[in-house]
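Reproduced below: final-v4.json, with JSON, C-alpha atoms.
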```
[["chain", "number", "residue", "atom", "x", "y", "z"],
["P", 1, "GLN", "CA", 4.35, 16.02, -7.56],
["P", 2, "VAL", "CA", 2.33, 12.83, -7.34],
["P", 3, "GLN", "CA", -1.26, 12.80, -6.14],
["P", 4, "LEU", "CA", -2.58, 9.57, -4.64],
["P", 5, "VAL", "CA", -6.22, 8.70, -3.99],
["P", 6, "GLU", "CA", -7.26, 5.50, -2.24],
["P", 7, "SER", "CA", -10.60, 3.76, -2.55],
["P", 8, "GLY", "CA", -12.22, 0.45, -1.72],
["P", 9, "GLY", "CA", -12.33, 0.56, 2.05],
["P", 10, "GLY", "CA", -15.40, -0.35, 4.05],
["P", 11, "LEU", "CA", -16.92, -2.59, 6.69],
["P", 12, "VAL", "CA", -16.48, -6.35, 6.36],
["P", 13, "GLN", "CA", -16.94, -9.35, 8.60],
["P", 14, "ALA", "CA", -13.98, -11.35, 9.83],
["P", 15, "GLY", "CA", -12.85, -13.79, 7.16],
["P", 16, "GLY", "CA", -14.06, -11.55, 4.38],
["P", 17, "SER", "CA", -12.19, -9.77, 1.61],
["P", 18, "LEU", "CA", -11.66, -6.27, 0.29],
["P", 19, "ARG", "CA", -9.63, -4.84, -2.55],
["P", 20, "LEU", "CA", -8.14, -1.42, -2.09],
["P", 21, "SER", "CA", -7.11, 0.74, -5.03],
["P", 22, "CYS", "CA", -4.71, 3.65, -5.18],
["P", 23, "ALA", "CA", -4.91, 5.88, -8.23],
["P", 24, "ALA", "CA", -1.92, 8.09, -9.00],
["P", 25, "SER", "CA", -1.64, 11.23, -11.08],
["P", 26, "GLY", "CA", 1.13, 13.67, -11.77],
["P", 27, "ARG", "CA", 4.66, 12.48, -12.43],
["P", 28, "THR", "CA", 5.53, 9.21, -14.13],
["P", 29, "PHE", "CA", 3.95, 6.51, -11.99],
["P", 30, "SER", "CA", 6.19, 3.77, -13.26],
["P", 31, "SER", "CA", 9.30, 5.33, -11.68],
["P", 32, "TYR", "CA", 7.91, 4.87, -8.19],
["P", 33, "ALA", "CA", 7.85, 1.92, -5.87],
["P", 34, "MET", "CA", 4.45, 1.86, -4.19],
["P", 35, "GLY", "CA", 3.66, 0.89, -0.63],
["P", 36, "TRP", "CA", 0.62, 0.34, 1.53],
["P", 37, "PHE", "CA", 0.64, 1.33, 5.17],
["P", 38, "ARG", "CA", -2.00, 1.32, 7.90],
["P", 39, "GLN", "CA", -2.69, 3.11, 11.14],
["P", 40, "ALA", "CA", -5.06, 1.82, 13.79],
["P", 41, "PRO", "CA", -6.53, 4.10, 16.47],
["P", 42, "GLY", "CA", -3.95, 4.88, 19.13],
["P", 43, "LYS", "CA", -1.16, 3.16, 17.23],
["P", 44, "GLU", "CA", 1.67, 4.27, 15.01],
["P", 45, "ARG", "CA", 1.52, 3.90, 11.25],
["P", 46, "GLU", "CA", 2.93, 0.56, 10.15],
["P", 47, "PHE", "CA", 4.15, -0.97, 6.93],
["P", 48, "VAL", "CA", 1.87, -3.45, 5.15],
["P", 49, "ALA", "CA", 3.25, -4.18, 1.67],
["P", 50, "VAL", "CA", 5.42, -2.73, -1.08],
["P", 51, "ILE", "CA", 5.88, -3.38, -4.79],
["P", 52, "SER", "CA", 8.75, -2.29, -7.01],
["P", 53, "TRP", "CA", 8.04, -0.02, -9.94],
["P", 54, "ARG", "CA", 8.26, -2.81, -12.50],
["P", 55, "GLY", "CA", 6.18, -5.03, -10.25],
["P", 56, "GLY", "CA", 8.78, -7.76, -10.13],
["P", 57, "SER", "CA", 9.48, -7.53, -6.42],
["P", 58, "THR", "CA", 7.12, -7.45, -3.48],
["P", 59, "TYR", "CA", 7.53, -7.55, 0.27],
["P", 60, "TYR", "CA", 4.98, -7.96, 3.06],
["P", 61, "ALA", "CA", 4.73, -7.44, 6.77],
["P", 62, "ASP", "CA", 4.65, -10.77, 8.61],
["P", 63, "SER", "CA", 1.18, -9.95, 9.94],
["P", 64, "VAL", "CA", -0.36, -9.97, 6.45],
["P", 65, "LYS", "CA", 1.85, -12.42, 4.56],
["P", 66, "GLY", "CA", -0.22, -15.09, 2.87],
["P", 67, "ARG", "CA", -3.45, -13.07, 3.22],
["P", 68, "PHE", "CA", -2.74, -9.81, 1.36],
["P", 69, "THR", "CA", -1.47, -9.36, -2.19],
["P", 70, "ILE", "CA", -0.11, -6.14, -3.65],
["P", 71, "SER", "CA", -0.14, -5.57, -7.40],
["P", 72, "ARG", "CA", 0.04, -2.72, -9.88],
["P", 73, "VAL", "CA", -0.98, -1.81, -13.41],
["P", 74, "ASN", "CA", 1.33, 0.95, -14.61],
["P", 75, "ALA", "CA", -0.76, 1.60, -17.70],
["P", 76, "LYS", "CA", -3.62, 2.56, -15.36],
["P", 77, "ASN", "CA", -1.44, 4.37, -12.81],
["P", 78, "THR", "CA", -2.99, 2.19, -10.15],
["P", 79, "VAL", "CA", -1.77, -0.05, -7.35],
["P", 80, "TYR", "CA", -3.99, -2.56, -5.57],
["P", 81, "LEU", "CA", -4.09, -4.34, -2.25],
["P", 82, "GLN", "CA", -6.17, -7.51, -2.24],
["P", 83, "MET", "CA", -6.99, -8.40, 1.34],
["P", 84, "ASN", "CA", -8.34, -11.87, 2.12],
["P", 85, "GLY", "CA", -8.99, -13.58, 5.42],
["P", 86, "LEU", "CA", -9.48, -10.26, 7.16],
["P", 87, "LYS", "CA", -9.22, -10.15, 10.94],
["P", 88, "PRO", "CA", -10.49, -7.56, 13.43],
["P", 89, "GLU", "CA", -6.87, -6.56, 14.06],
["P", 90, "ASP", "CA", -6.64, -5.46, 10.42],
["P", 91, "THR", "CA", -8.98, -2.57, 11.23],
["P", 92, "ALA", "CA", -7.17, 0.67, 10.37],
["P", 93, "VAL", "CA", -6.91, 3.54, 7.95],
["P", 94, "TYR", "CA", -4.98, 2.24, 4.95],
["P", 95, "SER", "CA", -2.83, 4.63, 2.95],
["P", 96, "CYS", "CA", -0.77, 4.21, -0.16],
["P", 97, "ALA", "CA", 2.54, 5.95, -0.66],
["P", 98, "ALA", "CA", 4.98, 6.51, -3.50],
["P", 99, "GLN", "CA", 8.76, 6.20, -3.33],
["P", 100, "TRP", "CA", 10.91, 7.70, -6.07],
["P", 101, "ARG", "CA", 13.20, 5.00, -7.49],
["P", 102, "PRO", "CA", 15.04, 6.46, -10.49],
["P", 103, "GLY", "CA", 18.02, 4.14, -10.09],
["P", 104, "GLY", "CA", 16.40, 0.75, -10.40],
["P", 105, "ASP", "CA", 13.60, -1.65, -9.68],
["P", 106, "GLY", "CA", 13.97, -1.80, -5.93],
["P", 107, "TYR", "CA", 12.03, -0.68, -2.90],
["P", 108, "ASP", "CA", 12.36, 0.35, 0.72],
["P", 109, "TYR", "CA", 9.67, -0.39, 3.31],
["P", 110, "ARG", "CA", 10.70, 2.31, 5.79],
["P", 111, "ILE", "CA", 8.05, 4.99, 6.22],
["P", 112, "SER", "CA", 10.66, 7.76, 6.11],
["P", 113, "GLU", "CA", 11.68, 6.78, 2.56],
["P", 114, "TYR", "CA", 8.32, 7.61, 0.95],
["P", 115, "ASP", "CA", 7.82, 10.89, -0.88],
["P", 116, "TYR", "CA", 4.06, 11.14, -1.40],
["P", 117, "TRP", "CA", 1.07, 9.91, 0.56],
["P", 118, "GLY", "CA", -2.64, 9.52, -0.02],
["P", 119, "GLN", "CA", -5.33, 10.54, 2.46],
["P", 120, "GLY", "CA", -6.24, 6.97, 3.34],
["P", 121, "THR", "CA", -9.32, 4.77, 3.33],
["P", 122, "GLN", "CA", -10.95, 3.21, 6.37],
["P", 123, "VAL", "CA", -11.10, -0.56, 6.69],
["P", 124, "THR", "CA", -13.19, -1.97, 9.53],
["P", 125, "VAL", "CA", -13.36, -5.69, 10.24],
["P", 126, "SER", "CA", -16.09, -6.85, 12.60],
["P", 127, "SER", "CA", -15.80, -10.02, 14.66]]
```
Would you mind writing the structure in this file as structure tokens?
Amino acid sequence: QVQLVESGGGLVQAGGSLRLSCAASGRTFSSYAMGWFRQAPGKEREFVAVISWRGGSTYYADSVKGRFTISRVNAKNTVYLQMNGLKPEDTAVYSCAAQWRPGGDGYDYRISEYDYWGQGTQVTVSS
């Protein structure tokens, strides 16, 4: 089992920045690729960013590329999402998720491929 707890959400004006954190406990954190997803009211959950378990590979949704940066510190069992240039359309509940990757330093961005999920943190961007 892996427990995930997000923090760092809040209310910010358009153009502002936030850094989300996701703290993991339980099984070996470094064997998991970690992803960030978001769900806006009335919409389906969507992929935001993913990082491989060694941190060498990342992938972003087109909507956040160039504005968001995912990173991780395995020694702290924590993954981060730095969000810059926030837009009102970024408003959503942001959740982190862990994907078991025992075979190598890869990742998959499909929601169905993730094994554990956090409860989420609200991000609201005002115009």
Any idea what's packed within 9 Å of Thr69 of chain P, counting only C-alpha atoms, ignoring anything in its chain fewer than 2 positions away? Could you give it as a ChimeraX atom specification?
/P:49,58,60,64-67,71,80-84
Within 7 Å of Tyr114 of chain P using all atoms listed in the file, minus same-chain residues under 6 positions, as a ChimeraX atom specification:
/P:97-99
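Nearest to Pro41 of chain P of all the residues P:Tyr94, P:Phe68, P:Trp53, P:Phe29 is P:Tyr94, counting only C-alpha atoms.
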Go through P:Leu4, P:Ala24, P:Ile111, P:Leu11 one by one, measure the shortest atom-to-atom distance of each to Lys76 of chain P using all atoms listed in the file, and give the residue with the smallest value.
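Checking each candidate against Lys76 of chain P, we get P:Ala24 as the closest.
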Residues at most 12 Å from Tyr32 of chain P, counting all atoms listed in the file, excluding those fewer than 5 positions away in the same chain, as a PyMOL selection string?
chain P and resi 1-2+24-27+50-55+72+74+77-79+96-108+113-116
Please produce an output containing C-alpha atoms for each residue in the selection, written as a compact mmCIF listing (two decimals), in the frame of the given file.
```txt
# COMPACT_ATOMS: atom_id res chain seq x y z
CA GLN P 1 4.35 16.02 -7.56
CA VAL P 2 2.33 12.83 -7.34
CA ALA P 24 -1.92 8.09 -9.00
CA SER P 25 -1.64 11.23 -11.08
CA GLY P 26 1.13 13.67 -11.77
CA ARG P 27 4.66 12.48 -12.43
CA VAL P 50 5.42 -2.73 -1.08
CA ILE P 51 5.88 -3.38 -4.79
CA SER P 52 8.75 -2.29 -7.01
CA TRP P 53 8.04 -0.02 -9.94
CA ARG P 54 8.26 -2.81 -12.50
CA GLY P 55 6.18 -5.03 -10.25
CA ARG P 72 0.04 -2.72 -9.88
CA ASN P 74 1.33 0.95 -14.61
CA ASN P 77 -1.44 4.37 -12.81
CA THR P 78 -2.99 2.19 -10.15
CA VAL P 79 -1.77 -0.05 -7.35
CA CYS P 96 -0.77 4.21 -0.16
CA ALA P 97 2.54 5.95 -0.66
CA ALA P 98 4.98 6.51 -3.50
CA GLN P 99 8.76 6.20 -3.33
CA TRP P 100 10.91 7.70 -6.07
CA ARG P 101 13.20 5.00 -7.49
CA PRO P 102 15.04 6.46 -10.49
CA GLY P 103 18.02 4.14 -10.09
CA GLY P 104 16.40 0.75 -10.40
CA ASP P 105 13.60 -1.65 -9.68
CA GLY P 106 13.97 -1.80 -5.93
CA TYR P 107 12.03 -0.68 -2.90
CA ASP P 108 12.36 0.35 0.72
CA GLU P 113 11.68 6.78 2.56
CA TYR P 114 8.32 7.61 0.95
CA ASP P 115 7.82 10.89 -0.88
CA TYR P 116 4.06 11.14 -1.40
```
Give me, please, the distance in Å between atom CA of Leu86 of chain P and atom CA of Gly56 of chain P, quoted to one decimal.
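Between these atoms lies a distance of 25.3 Å.
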Using atom CA of Pro88 of chain P and atom CA of Gly120 of chain P as the two end points, give the distance in Å to one decimal.
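These atoms are spaced 18.2 Å apart.
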Return the single residue from P:Gly9, P:Arg45, P:Ala14, P:Gln3 that is closest to Val125 of chain P, with distances computed using all atoms listed in the file.
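Nearest to Val125 of chain P: P:Ala14.
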From the set P:Gly16, P:Glu6, P:Ser21, P:Tyr109, which residue has the shortest atom-to-atom contact distance to Gly35 of chain P, counting only C-alpha atoms?
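Once distances to Gly35 of chain P are computed over only C-alpha atoms, the minimum belongs to P:Tyr109.
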With only C-alpha atoms as the basis for distance, which of P:Gln119, P:Gln39, P:Ser17, P:Ser57 is at the shortest distance from Thr91 of chain P?
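When distances to Thr91 of chain P are compared using only C-alpha atoms, the smallest one comes from P:Gln39.
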Between P:Ser127, P:Ala92, P:Phe37, P:Ile70, single out the one closest to Arg110 of chain P, counting only C-alpha atoms.
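Among P:Ser127, P:Ala92, P:Phe37, P:Ile70, it is P:Phe37 that comes nearest to Arg110 of chain P.
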Give me, as a list of chain:residue names, all polymer residues having an atom no more than 7 Å from Val93 of chain P, counting all atoms listed in the file and skipping those fewer than 4 positions away in the same chain.
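So, after excluding close chain neighbours, the residues are P:Arg38, P:Gln39, P:Ala40, P:Gly120, P:Thr121, P:Gln122, P:Val123.
Interatomic distance, atom CA of Ser95 of chain P against atom CA of Glu44 of chain P: 12.9 Å.
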Quick one: 3 Å padding each side, axis-aligned, all listed atoms of segment 54-72 of chain P - centre and edge lengths in Å to one decimal, as lines of an AutoDock Vina configuration file?
```
center_x = 3.0
center_y = -8.9
center_z = -1.3
size_x = 18.9
size_y = 18.4
size_z = 28.4
```
